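work.txt follows; it contains compact mmCIF, C-alpha atoms and all ligand atoms.
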# COMPACT_ATOMS: atom_id res chain seq x y z
CA MET A 1 0.43 -24.43 10.67
CA ARG A 2 1.75 -20.88 10.49
CA SER A 3 2.49 -18.43 7.66
CA ARG A 4 5.97 -18.03 6.29
CA LEU A 5 6.95 -15.42 3.65
CA THR A 6 9.07 -17.12 0.98
CA GLY A 7 9.18 -14.60 -1.86
CA THR A 8 8.78 -10.90 -2.63
CA GLY A 9 8.41 -8.96 -5.87
CA SER A 10 7.50 -5.52 -7.18
CA ALA A 11 6.70 -3.80 -10.47
CA PHE A 12 6.42 -0.23 -11.69
CA PRO A 13 5.35 1.63 -14.81
CA PHE A 14 8.30 2.95 -16.80
CA ASN A 15 7.38 6.66 -16.77
CA VAL A 16 8.55 8.95 -13.95
CA LEU A 17 6.72 12.14 -12.95
CA THR A 18 8.98 14.50 -10.99
CA ASN A 19 8.04 17.41 -8.73
CA GLN A 20 9.39 19.70 -11.45
CA ASP A 21 6.84 18.15 -13.86
CA ILE A 22 4.07 18.85 -11.32
CA GLU A 23 5.25 22.47 -10.99
CA LYS A 24 4.15 22.87 -14.62
CA MET A 25 0.67 21.44 -13.90
CA VAL A 26 -0.49 23.18 -10.68
CA ASP A 27 0.57 26.14 -8.52
CA THR A 28 3.26 24.45 -6.40
CA THR A 29 7.02 24.06 -6.03
CA ASP A 30 9.45 21.18 -5.64
CA GLU A 31 10.50 22.79 -2.34
CA TRP A 32 6.89 22.76 -0.96
CA ILE A 33 6.27 19.18 -2.01
CA THR A 34 9.61 17.97 -0.62
CA THR A 35 9.29 19.67 2.76
CA ARG A 36 5.58 18.84 3.27
CA THR A 37 5.68 15.25 2.00
CA GLY A 38 9.23 13.98 1.33
CA ILE A 39 8.18 12.93 -2.18
CA LYS A 40 10.50 13.80 -5.09
CA GLU A 41 9.02 11.68 -7.88
CA ARG A 42 6.44 8.99 -8.57
CA ARG A 43 5.80 6.42 -11.31
CA ILE A 44 2.91 7.05 -13.67
CA ALA A 45 1.13 4.40 -15.73
CA SER A 46 0.92 4.65 -19.50
CA SER A 47 -2.24 3.62 -21.37
CA ASP A 48 -0.76 0.11 -21.78
CA ASP A 49 -0.39 -0.43 -18.01
CA PHE A 50 -3.23 -1.93 -15.98
CA THR A 51 -3.43 -2.79 -12.29
CA SER A 52 -3.59 -6.47 -13.27
CA THR A 53 -0.46 -6.32 -15.45
CA LEU A 54 1.60 -4.59 -12.75
CA ALA A 55 0.24 -7.10 -10.21
CA THR A 56 1.14 -10.03 -12.48
CA THR A 57 4.73 -8.83 -12.97
CA ALA A 58 5.21 -8.38 -9.21
CA ALA A 59 3.66 -11.81 -8.59
CA LEU A 60 5.96 -13.53 -11.09
CA LYS A 61 9.00 -12.11 -9.27
CA ALA A 62 7.71 -13.35 -5.89
CA LEU A 63 6.98 -16.79 -7.39
CA GLU A 64 10.46 -16.95 -8.91
CA MET A 65 12.11 -16.11 -5.58
CA SER A 66 10.11 -18.75 -3.72
CA GLY A 67 10.44 -21.47 -6.37
CA VAL A 68 6.67 -22.08 -6.20
CA SER A 69 4.82 -22.75 -9.48
CA PRO A 70 1.49 -20.99 -10.23
CA ALA A 71 -0.35 -24.34 -10.27
CA GLU A 72 0.59 -24.86 -6.60
CA LEU A 73 -1.24 -21.71 -5.45
CA ASP A 74 -4.40 -22.17 -3.36
CA MET A 75 -5.27 -18.48 -3.06
CA ILE A 76 -4.55 -15.14 -4.74
CA ILE A 77 -5.68 -11.91 -3.10
CA VAL A 78 -5.19 -8.52 -4.71
CA ALA A 79 -5.59 -5.51 -2.44
CA THR A 80 -6.59 -2.54 -4.59
CA VAL A 81 -8.89 0.47 -4.86
CA THR A 82 -8.08 0.90 -8.55
CA PRO A 83 -9.13 -2.42 -10.11
CA ASP A 84 -9.10 -2.98 -13.87
CA PHE A 85 -12.92 -3.43 -13.76
CA PRO A 86 -15.67 -3.21 -11.09
CA PHE A 87 -15.89 -6.95 -11.76
CA PRO A 88 -14.43 -9.47 -12.28
CA SER A 89 -11.82 -8.99 -9.60
CA THR A 90 -8.29 -8.01 -10.54
CA ALA A 91 -7.18 -11.17 -8.70
CA CYS A 92 -9.09 -13.29 -11.26
CA LEU A 93 -7.27 -11.48 -14.08
CA VAL A 94 -3.94 -12.16 -12.36
CA GLN A 95 -4.94 -15.80 -11.88
CA ASN A 96 -5.62 -16.05 -15.61
CA ASN A 97 -2.31 -14.36 -16.51
CA LEU A 98 -0.40 -16.76 -14.24
CA LYS A 99 -2.42 -19.85 -15.23
CA ALA A 100 -2.88 -20.55 -11.51
CA GLU A 101 -5.86 -22.76 -12.14
CA ASN A 102 -6.09 -24.24 -8.62
CA ALA A 103 -6.39 -20.95 -6.74
CA ALA A 104 -9.37 -19.06 -5.28
CA ALA A 105 -8.92 -15.44 -6.34
CA PHE A 106 -10.55 -12.29 -5.00
CA ASP A 107 -9.88 -8.61 -4.26
CA VAL A 108 -9.81 -6.80 -0.93
CA SER A 109 -10.79 -3.12 -0.67
CA ALA A 110 -9.30 -1.47 2.39
CA ALA A 111 -7.48 1.41 0.66
CA CYS A 112 -3.91 1.96 1.90
CA SER A 113 -4.32 -0.71 4.61
CA GLY A 114 -5.43 -3.27 2.02
CA PHE A 115 -2.19 -5.25 1.92
CA ILE A 116 -2.22 -5.86 5.70
CA TYR A 117 -5.92 -6.79 5.55
CA ALA A 118 -5.24 -9.27 2.72
CA LEU A 119 -2.21 -10.75 4.47
CA SER A 120 -4.28 -11.20 7.66
CA ILE A 121 -6.92 -13.11 5.67
CA VAL A 122 -4.32 -15.43 4.14
CA ASP A 123 -2.71 -15.93 7.56
CA SER A 124 -6.08 -17.05 8.99
CA PHE A 125 -6.64 -19.48 6.10
CA ILE A 126 -3.16 -20.92 6.59
CA ARG A 127 -3.65 -21.32 10.35
CA SER A 128 -6.95 -23.11 9.66
CA GLY A 129 -5.13 -25.58 7.39
CA LYS A 130 -7.24 -24.74 4.32
CA VAL A 131 -4.50 -22.93 2.38
CA LYS A 132 -0.89 -24.02 1.88
CA LYS A 133 0.47 -21.53 -0.66
CA ALA A 134 -0.89 -18.09 -1.46
CA LEU A 135 -0.03 -14.86 -3.20
CA VAL A 136 -0.90 -11.51 -1.64
CA ILE A 137 -0.52 -8.53 -3.95
CA GLY A 138 -1.03 -4.80 -3.44
CA ALA A 139 -1.45 -3.05 -6.78
CA GLU A 140 -2.67 0.39 -7.81
CA ILE A 141 -2.93 2.80 -10.72
CA LEU A 142 -3.91 5.82 -8.64
CA THR A 143 -2.79 8.42 -11.17
CA ARG A 144 -5.95 7.67 -13.18
CA ILE A 145 -8.21 8.74 -10.28
CA VAL A 146 -6.13 11.73 -9.19
CA ASP A 147 -7.52 15.20 -9.88
CA TRP A 148 -4.61 16.84 -11.69
CA THR A 149 -6.11 20.29 -10.99
CA ASP A 150 -6.10 19.75 -7.18
CA ARG A 151 -2.71 20.79 -5.79
CA ASN A 152 -3.65 19.44 -2.34
CA SER A 153 -3.72 15.84 -3.48
CA CYS A 154 -2.33 15.33 -7.00
CA LEU A 155 1.30 15.36 -5.89
CA LEU A 156 0.89 12.60 -3.33
CA PHE A 157 0.05 9.52 -5.36
CA GLY A 158 1.89 7.10 -7.66
CA ASP A 159 1.45 3.74 -9.39
CA GLY A 160 3.02 0.34 -8.73
CA ALA A 161 2.57 -3.17 -7.37
CA GLY A 162 4.18 -5.38 -4.74
CA ALA A 163 3.66 -9.07 -4.00
CA VAL A 164 4.56 -11.64 -1.37
CA LEU A 165 4.38 -15.43 -1.50
CA ILE A 166 3.15 -17.08 1.70
CA GLU A 167 3.56 -20.78 2.52
CA ALA A 168 2.33 -22.93 5.39
CA ASP A 169 5.20 -23.88 7.67
CA SER A 170 5.64 -25.17 11.20
CA SER A 171 7.79 -22.17 12.17
CA PRO A 172 5.94 -18.85 12.25
CA GLY A 173 6.83 -15.91 10.00
CA ILE A 174 3.68 -13.88 10.63
CA LEU A 175 3.48 -13.53 14.42
CA ASP A 176 0.49 -11.27 14.98
CA SER A 177 -1.75 -8.81 13.24
CA PHE A 178 -4.29 -6.16 14.13
CA ILE A 179 -6.87 -4.62 11.78
CA LYS A 180 -9.55 -2.05 12.55
CA SER A 181 -11.86 0.36 10.70
CA ASP A 182 -13.77 3.56 11.46
CA GLY A 183 -16.50 4.07 8.85
CA SER A 184 -17.70 7.26 10.53
CA CYS A 185 -14.86 9.21 8.85
CA TRP A 186 -15.32 7.85 5.31
CA GLU A 187 -15.75 11.32 3.79
CA LEU A 188 -12.22 12.40 4.72
CA LEU A 189 -10.74 10.35 1.89
CA TYR A 190 -12.77 8.82 -0.93
CA GLN A 191 -13.56 8.58 -4.62
CA PRO A 192 -17.20 9.69 -5.11
CA GLY A 193 -17.82 7.71 -8.31
CA PRO A 194 -18.58 5.95 -10.54
CA GLY A 195 -20.68 3.77 -8.23
CA ASN A 196 -24.27 3.37 -7.05
CA ARG A 197 -24.43 6.85 -5.56
CA ASN A 198 -22.85 8.58 -8.51
CA PRO A 199 -23.23 6.38 -11.60
CA ALA A 200 -21.28 7.05 -14.77
CA SER A 201 -22.78 10.16 -16.38
CA HIS A 202 -21.86 13.51 -17.89
CA LYS A 203 -22.64 15.05 -14.47
CA LEU A 204 -20.03 12.77 -12.87
CA ILE A 205 -17.36 14.03 -15.25
CA ASP A 206 -18.47 17.69 -15.14
CA GLU A 207 -18.37 17.72 -11.33
CA ARG A 208 -15.09 15.78 -11.23
CA LEU A 209 -16.70 13.13 -9.02
CA ASN A 210 -14.49 10.42 -10.50
CA PHE A 211 -11.43 11.80 -8.70
CA ILE A 212 -10.03 11.36 -5.17
CA ARG A 213 -11.40 13.79 -2.55
CA MET A 214 -9.26 14.27 0.55
CA GLN A 215 -9.12 16.45 3.67
CA GLY A 216 -5.36 16.16 4.05
CA ASN A 217 -4.95 17.84 7.43
CA GLU A 218 -7.56 15.70 9.18
CA VAL A 219 -6.23 12.53 7.56
CA PHE A 220 -2.73 13.42 8.70
CA LYS A 221 -3.71 13.73 12.39
CA LEU A 222 -5.84 10.58 12.45
CA ALA A 223 -3.16 8.58 10.60
CA VAL A 224 -0.50 9.27 13.22
CA ARG A 225 -2.77 8.29 16.12
CA ALA A 226 -4.22 5.18 14.46
CA MET A 227 -0.88 3.86 13.23
CA GLU A 228 0.73 4.28 16.65
CA ASP A 229 -2.19 2.47 18.28
CA ALA A 230 -2.14 -0.40 15.73
CA ALA A 231 1.63 -0.82 16.09
CA LEU A 232 1.52 -0.99 19.89
CA LYS A 233 -1.44 -3.41 19.92
CA THR A 234 0.32 -5.80 17.52
CA LEU A 235 3.59 -5.66 19.41
CA SER A 236 2.02 -6.28 22.82
CA ALA A 237 -0.07 -9.19 21.45
CA GLY A 238 3.21 -10.88 20.50
CA GLY A 239 4.88 -10.03 23.84
CA PHE A 240 7.22 -7.48 22.22
CA THR A 241 8.14 -3.87 22.89
CA THR A 242 9.31 -1.25 20.40
CA ASP A 243 12.93 -2.07 21.40
CA ASP A 244 12.50 -5.49 19.77
CA ILE A 245 11.76 -4.03 16.30
CA ASP A 246 14.60 -4.48 13.81
CA LEU A 247 12.84 -2.77 10.89
CA PHE A 248 9.66 -0.69 10.83
CA VAL A 249 8.01 -0.72 7.39
CA PRO A 250 5.15 1.81 7.45
CA HIS A 251 2.72 2.74 4.69
CA GLN A 252 4.53 5.32 2.57
CA ALA A 253 2.07 8.23 2.61
CA ASN A 254 4.06 11.20 3.86
CA ARG A 255 7.54 11.46 5.39
CA ARG A 256 6.22 13.69 8.18
CA ILE A 257 3.58 11.10 9.15
CA ILE A 258 6.28 8.40 9.21
CA GLU A 259 8.65 10.58 11.26
CA ALA A 260 5.88 11.40 13.76
CA ILE A 261 5.08 7.71 14.30
CA GLY A 262 8.75 6.74 14.47
CA LYS A 263 9.22 9.39 17.18
CA ARG A 264 6.17 8.23 19.15
CA LEU A 265 7.44 4.64 19.00
CA GLY A 266 10.95 5.77 19.99
CA LEU A 267 12.55 4.29 16.87
CA PRO A 268 15.90 5.55 15.53
CA ASP A 269 15.84 6.65 11.84
CA GLU A 270 17.92 3.66 10.72
CA LYS A 271 15.14 1.29 11.83
CA VAL A 272 12.49 3.08 9.75
CA PHE A 273 12.23 2.12 6.09
CA VAL A 274 11.38 4.98 3.72
CA ASN A 275 11.26 4.93 -0.09
CA LEU A 276 8.39 7.33 -0.77
CA ASP A 277 10.80 9.89 -2.22
CA ARG A 278 10.87 7.71 -5.39
CA TYR A 279 7.32 6.32 -5.52
CA GLY A 280 4.97 8.62 -3.59
CA ASN A 281 1.91 7.04 -1.99
CA THR A 282 1.05 3.86 -3.90
CA SER A 283 -1.75 2.96 -1.44
CA SER A 284 -2.09 -0.81 -0.95
CA ALA A 285 1.11 -1.38 -2.96
CA SER A 286 3.36 0.73 -0.77
CA ILE A 287 4.16 -1.84 1.96
CA PRO A 288 4.86 -4.83 -0.35
CA ILE A 289 6.95 -2.55 -2.60
CA ALA A 290 8.94 -1.43 0.45
CA LEU A 291 9.27 -5.02 1.69
CA ASP A 292 10.61 -6.18 -1.68
CA GLU A 293 13.17 -3.37 -1.80
CA ALA A 294 14.24 -3.97 1.82
CA ASN A 295 14.51 -7.70 1.14
CA ARG A 296 16.51 -7.39 -2.09
CA THR A 297 18.87 -4.68 -0.78
CA GLY A 298 19.61 -6.49 2.50
CA ALA A 299 17.89 -3.88 4.68
CA ILE A 300 15.98 -6.81 6.22
CA LYS A 301 18.03 -9.77 7.42
CA THR A 302 16.99 -13.32 8.30
CA GLY A 303 15.70 -13.44 11.87
CA ASP A 304 14.72 -9.73 11.98
CA LEU A 305 11.49 -8.68 13.67
CA VAL A 306 9.69 -6.57 11.05
CA LEU A 307 6.70 -4.40 11.93
CA LEU A 308 4.26 -3.37 9.16
CA ASP A 309 1.87 -0.48 9.83
CA ALA A 310 -0.77 1.13 7.60
CA PHE A 311 -3.62 3.61 7.50
CA GLY A 312 -6.04 4.55 4.74
CA GLY A 313 -9.45 5.56 3.45
CA GLY A 314 -12.43 3.95 5.11
CA LEU A 315 -10.95 4.79 7.50
CA THR A 316 -8.88 1.66 7.96
CA CYS A 317 -5.71 0.79 9.81
CA GLY A 318 -3.65 -2.32 10.42
CA ALA A 319 -0.32 -3.57 11.72
CA MET A 320 1.51 -6.88 11.56
CA SER A 321 4.63 -8.33 13.19
CA ILE A 322 6.73 -10.75 11.13
CA ARG A 323 9.82 -12.83 11.93
CA TRP A 324 11.74 -12.59 8.65
CA GLN A 325 12.82 -16.01 7.39
CA LEU A 326 13.93 -15.33 3.82
N1 LIG B 1 1.80 23.70 -3.14
C1 LIG B 1 1.87 24.85 -2.45
N2 LIG B 1 1.03 25.18 -1.46
C2 LIG B 1 0.07 24.29 -1.16
C3 LIG B 1 -0.07 23.07 -1.84
C4 LIG B 1 0.84 22.80 -2.86
N3 LIG B 1 0.80 21.66 -3.58
N4 LIG B 1 -1.10 22.39 -1.33
C5 LIG B 1 -1.60 23.15 -0.34
N5 LIG B 1 -0.91 24.30 -0.24
C6 LIG B 1 -1.10 25.40 0.70
C7 LIG B 1 -2.49 25.44 1.26
O1 LIG B 1 -3.37 26.13 0.39
C8 LIG B 1 -2.28 26.19 2.55
O2 LIG B 1 -2.18 27.57 2.27
P1 LIG B 1 -2.89 28.65 3.23
O3 LIG B 1 -2.18 28.48 4.56
O4 LIG B 1 -2.61 29.92 2.55
O5 LIG B 1 -4.32 28.26 3.28
C9 LIG B 1 -0.89 25.73 3.01
O6 LIG B 1 -0.25 25.20 1.82
C10 LIG B 1 -0.92 24.67 4.07
O7 LIG B 1 -1.89 23.69 3.70
P2 LIG B 1 -2.14 22.44 4.58
O8 LIG B 1 -3.21 21.61 3.95
O9 LIG B 1 -2.31 22.84 6.01
O10 LIG B 1 -0.72 21.70 4.42
P3 LIG B 1 -0.20 20.43 5.19
O11 LIG B 1 1.04 20.77 5.89
O12 LIG B 1 -1.30 19.74 5.95
O13 LIG B 1 0.21 19.47 3.99
C11 LIG B 1 -0.66 17.54 2.88
C12 LIG B 1 -0.79 19.05 3.06
C13 LIG B 1 -1.76 17.08 1.94
C14 LIG B 1 0.71 17.26 2.27
C15 LIG B 1 -0.77 16.84 4.26
O14 LIG B 1 -1.92 17.31 4.94
C16 LIG B 1 -0.84 15.36 4.16
O15 LIG B 1 0.06 14.72 3.66
N6 LIG B 1 -1.91 14.76 4.68
C17 LIG B 1 -2.09 13.33 4.65
C18 LIG B 1 -2.56 12.93 3.29
C19 LIG B 1 -2.39 11.45 3.08
O16 LIG B 1 -1.40 10.90 3.43
N7 LIG B 1 -3.40 10.83 2.47
C20 LIG B 1 -3.37 9.45 2.22
C21 LIG B 1 -3.53 8.70 3.50
S1 LIG B 1 -3.31 7.00 3.24

Show the structure stored in the file as structure tokens.
Ligand code: COA
Amino acid sequence: MRSRLTGTGSAFPFNVLTNQDIEKMVDTTDEWITTRTGIKERRIASSDDFTSTLATTAALKALEMSGVSPAELDMIIVATVTPDFPFPSTACLVQNNLKAENAAAFDVSAACSGFIYALSIVDSFIRSGKVKKALVIGAEILTRIVDWTDRNSCLLFGDGAGAVLIEADSSPGILDSFIKSDGSCWELLYQPGPGNRNPASHKLIDERLNFIRMQGNEVFKLAVRAMEDAALKTLSAGGFTTDDIDLFVPHQANRRIIEAIGKRLGLPDEKVFVNLDRYGNTSSASIPIALDEANRTGAIKTGDLVLLDAFGGGLTCGAMSIRWQL
């Protein structure tokens, strides 16, 4: 058995935060943000939005497209670094919201590569014959762990969720995947607390340890190299070259990172999907959000070879080739 994608969905908070809004918060300009990142605006959660509620809305849309009922699901994985609670998993909350009582539900933490990691796990379960129908969701509320006094990072991130429905089928949708991590660089991008090392305390708040810390320049360089490597490894494992790609759907972190990889892979602009101007970096949600938009707008067509490619904190990276069958 092989994995076939049969539904996509996405969900966003209602509120939009523009670059002009950020100009009023830190010393920056719309022009700087646009030229350095390509981002124009991002969605920002209100106090009523949770990672689990965004994830549930995206999941319902993917279920509706596929015609699968929640009771048929064997597995639900939520990729996230901004769960509702340390435990239980956000996936268990989604399971409860959906009334998917027959599913195993758990979260995957691989930062911005989380969706590809989660999809690889489901693909392995489907190939083993143990899972027939599964939901993979990437969902984040990053704006609650962003330091709104740090102009280097606060403008990058946004909130949202994307979901895909996977079903066992004799004809393959997911062709190949590659995932890899490098824990030696964990300090380049992380959230210091709350956790074992920095438990919840007044000190944590006073020292702003509950917010994302990032060395943007270093991350940028490593991202380009790792994403190129992951893309080429996945393609060659499937017997493909970059000429075979119909649509490249990279993690939406920074337009310059995406352009650099597209150039290294020799891809024309029209084969590279970009929507970060409207959503910023939504971490594990960015690829399923992009896939849902590409699917619903016709940017991906049946039979296309789609290449996913991601990089994130950990450090982690991953790529996946998919024959689109929707
Ligand atoms: N507005 C105006 N100026 C800013 C600024 C802002 N928001 N943020 C930084 N600057 C300044 C810096 O202070 C620096 O000034 P200096 O030269 O006087 O010291 C200058 O702009 C250049 O800073 P630098 O950090 O070299 O910019 P950059 O071109 O690397 O862009 C990032 C910064 C963060 C946009 C870029 O490094 C990046 O996107 N990195 C990857 C981050 C990422 O994607 N993380 C998630 C990975 S999944």

Smallest atom-to-atom distance to Phe178 (chain A): which of A:Glu207, A:Asp147, A:Asp269, A:Asp309, using all atoms listed in the file? A:Asp309

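Ranking A:Phe85, A:Leu305, A:Pro288, A:Thr297 by their shortest atom-to-atom distance to Gly195 (chain A), with all atoms listed in the file included, puts A:Phe85 first.
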
At most 6 Å is the cut-off: for each residue in chain A with any atom that close to an atom of ligand LIG 1 (chain B), write down the nearest atom pair and the distance in Å rounded to one decimal, counting only C-alpha atoms and all ligand atoms, chain first then increasing number, as a tab-separated table.
residue	atom	partner	partner_atom	distance
A:Thr28	CA	B:LIG1	N1	3.6
A:Thr29	CA	B:LIG1	N1	6.0
A:Trp32	CA	B:LIG1	N1	5.6
A:Arg36	CA	B:LIG1	C14	5.2
A:Thr37	CA	B:LIG1	C14	5.4
A:Cys112	CA	B:LIG1	S1	5.2
A:Arg151	CA	B:LIG1	N3	4.2
A:Asn152	CA	B:LIG1	N4	4.0
A:Ser153	CA	B:LIG1	C13	5.9
A:Gly216	CA	B:LIG1	O14	3.7
A:Asn217	CA	B:LIG1	O14	4.0
A:Val219	CA	B:LIG1	C17	5.1
A:Phe220	CA	B:LIG1	C17	4.1
A:Ala253	CA	B:LIG1	O16	4.5
A:Asn254	CA	B:LIG1	O15	5.3
A:Phe311	CA	B:LIG1	S1	5.5
A:Gly312	CA	B:LIG1	S1	4.0

Please save C-alpha atoms of the selected residues as a JSON list (two decimals), in the frame of the given file.
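Output file out26.json is given in full below:
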[["chain", "number", "residue", "atom", "x", "y", "z"],
["A", 28, "THR", "CA", 3.26, 24.45, -6.40],
["A", 29, "THR", "CA", 7.02, 24.06, -6.03],
["A", 32, "TRP", "CA", 6.89, 22.76, -0.96],
["A", 36, "ARG", "CA", 5.58, 18.84, 3.27],
["A", 37, "THR", "CA", 5.68, 15.25, 2.00],
["A", 112, "CYS", "CA", -3.91, 1.96, 1.90],
["A", 151, "ARG", "CA", -2.71, 20.79, -5.79],
["A", 152, "ASN", "CA", -3.65, 19.44, -2.34],
["A", 153, "SER", "CA", -3.72, 15.84, -3.48],
["A", 216, "GLY", "CA", -5.36, 16.16, 4.05],
["A", 217, "ASN", "CA", -4.95, 17.84, 7.43],
["A", 219, "VAL", "CA", -6.23, 12.53, 7.56],
["A", 220, "PHE", "CA", -2.73, 13.42, 8.70],
["A", 253, "ALA", "CA", 2.07, 8.23, 2.61],
["A", 254, "ASN", "CA", 4.06, 11.20, 3.86],
["A", 311, "PHE", "CA", -3.62, 3.61, 7.50],
["A", 312, "GLY", "CA", -6.04, 4.55, 4.74]]

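Residue nearest Lys263 (chain A) within the list A:Ser283, A:Leu204, A:Thr149, A:Val224: A:Val224 [criterion: smallest interatomic distance, all atoms listed in the file].
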
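In terms of minimum interatomic distance to Ser89 (chain A), A:Val108 ranks closest within A:Ala237, A:Leu155, A:Met75, A:Val108, counting all atoms listed in the file.
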
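Considering all atoms listed in the file, the residue among A:Thr18, A:Gly298, A:Phe12, A:Ser69 positioned nearest to Thr53 (chain A) is A:Phe12.
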
Could you check the closest approach to Ala58 (chain A) for each of A:Leu232, A:Ile289, A:Ile22, A:Ala223 and tell me which residue wins, using only C-alpha atoms? A:Ile289

Using all atoms listed in the file, determine which residues lie at most 10 Å from Ala59 (chain A), disregarding the query and same-chain residues fewer than 2 positions distant; provide the list as a PyMOL selection string. chain A and resi 7-11+53-57+61-65+70+76+94+98+135-138+161-165

Write out the residues from the selection above, keeping C-alpha atoms, as an mmCIF file, keeping the file's coordinate frame.
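And here is the file that came out, again_33.cif:
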data_model
loop_
_atom_site.group_PDB
_atom_site.id
_atom_site.type_symbol
_atom_site.label_atom_id
_atom_site.label_comp_id
_atom_site.auth_asym_id
_atom_site.auth_seq_id
_atom_site.Cartn_x
_atom_site.Cartn_y
_atom_site.Cartn_z
ATOM 1 C CA GLY A 7 9.180 -14.600 -1.860
ATOM 2 C CA THR A 8 8.780 -10.900 -2.630
ATOM 3 C CA GLY A 9 8.410 -8.960 -5.870
ATOM 4 C CA SER A 10 7.500 -5.520 -7.180
ATOM 5 C CA ALA A 11 6.700 -3.800 -10.470
ATOM 6 C CA THR A 53 -0.460 -6.320 -15.450
ATOM 7 C CA LEU A 54 1.600 -4.590 -12.750
ATOM 8 C CA ALA A 55 0.240 -7.100 -10.210
ATOM 9 C CA THR A 56 1.140 -10.030 -12.480
ATOM 10 C CA THR A 57 4.730 -8.830 -12.970
ATOM 11 C CA LYS A 61 9.000 -12.110 -9.270
ATOM 12 C CA ALA A 62 7.710 -13.350 -5.890
ATOM 13 C CA LEU A 63 6.980 -16.790 -7.390
ATOM 14 C CA GLU A 64 10.460 -16.950 -8.910
ATOM 15 C CA MET A 65 12.110 -16.110 -5.580
ATOM 16 C CA PRO A 70 1.490 -20.990 -10.230
ATOM 17 C CA ILE A 76 -4.550 -15.140 -4.740
ATOM 18 C CA VAL A 94 -3.940 -12.160 -12.360
ATOM 19 C CA LEU A 98 -0.400 -16.760 -14.240
ATOM 20 C CA LEU A 135 -0.030 -14.860 -3.200
ATOM 21 C CA VAL A 136 -0.900 -11.510 -1.640
ATOM 22 C CA ILE A 137 -0.520 -8.530 -3.950
ATOM 23 C CA GLY A 138 -1.030 -4.800 -3.440
ATOM 24 C CA ALA A 161 2.570 -3.170 -7.370
ATOM 25 C CA GLY A 162 4.180 -5.380 -4.740
ATOM 26 C CA ALA A 163 3.660 -9.070 -4.000
ATOM 27 C CA VAL A 164 4.560 -11.640 -1.370
ATOM 28 C CA LEU A 165 4.380 -15.430 -1.500
#

Please provide the set of residues having any atom within 7 Å of region 72-74 of chain A, restricted to all atoms listed in the file, with same-chain residues fewer than 6 positions apart removed, written as a VMD selection string. chain A and resid 100 102 to 104 131 to 134

Export C-alpha atoms of the chosen residues as a PDB file, in the coordinates of the input?
ATOM      1  CA  ALA A 100      -2.880 -20.550 -11.510  1.00  0.00           C
ATOM      2  CA  ASN A 102      -6.090 -24.240  -8.620  1.00  0.00           C
ATOM      3  CA  ALA A 103      -6.390 -20.950  -6.740  1.00  0.00           C
ATOM      4  CA  ALA A 104      -9.370 -19.060  -5.280  1.00  0.00           C
ATOM      5  CA  VAL A 131      -4.500 -22.930   2.380  1.00  0.00           C
ATOM      6  CA  LYS A 132      -0.890 -24.020   1.880  1.00  0.00           C
ATOM      7  CA  LYS A 133       0.470 -21.530  -0.660  1.00  0.00           C
ATOM      8  CA  ALA A 134      -0.890 -18.090  -1.460  1.00  0.00           C
TER       9      ALA A 134
END

Just give me the gap between CA of Thr143 (chain A) and CA of Lys40 (chain A) in Å, one decimal is fine. 15.6 Å

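Put simply, CA of Phe106 (chain A) is 7.4 Å away from CA of Thr90 (chain A).
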
First collect every listed atom of region 181-190 of chain A; then fit an axis-aligned box around them, widen it by 4 Å on each side, and give centre and edge lengths in Å to one decimal, as AutoDock Vina command-line options.
--center_x -14.2 --center_y 6.4 --center_z 5.3 --size_x 15.0 --size_y 20.0 --size_z 20.4

With only C-alpha atoms as the counted atoms, please give the residues lying no more than 12 Å from Thr282 (chain A), apart from itself and same-chain residues fewer than 4 positions off, as an NGL selection string. :A and (10-13 or 39 or 41-45 or 51 or 79-82 or 111-115 or 138-143 or 146 or 155-162 or 251-254 or 275-278 or 286-290 or 310 or 312)
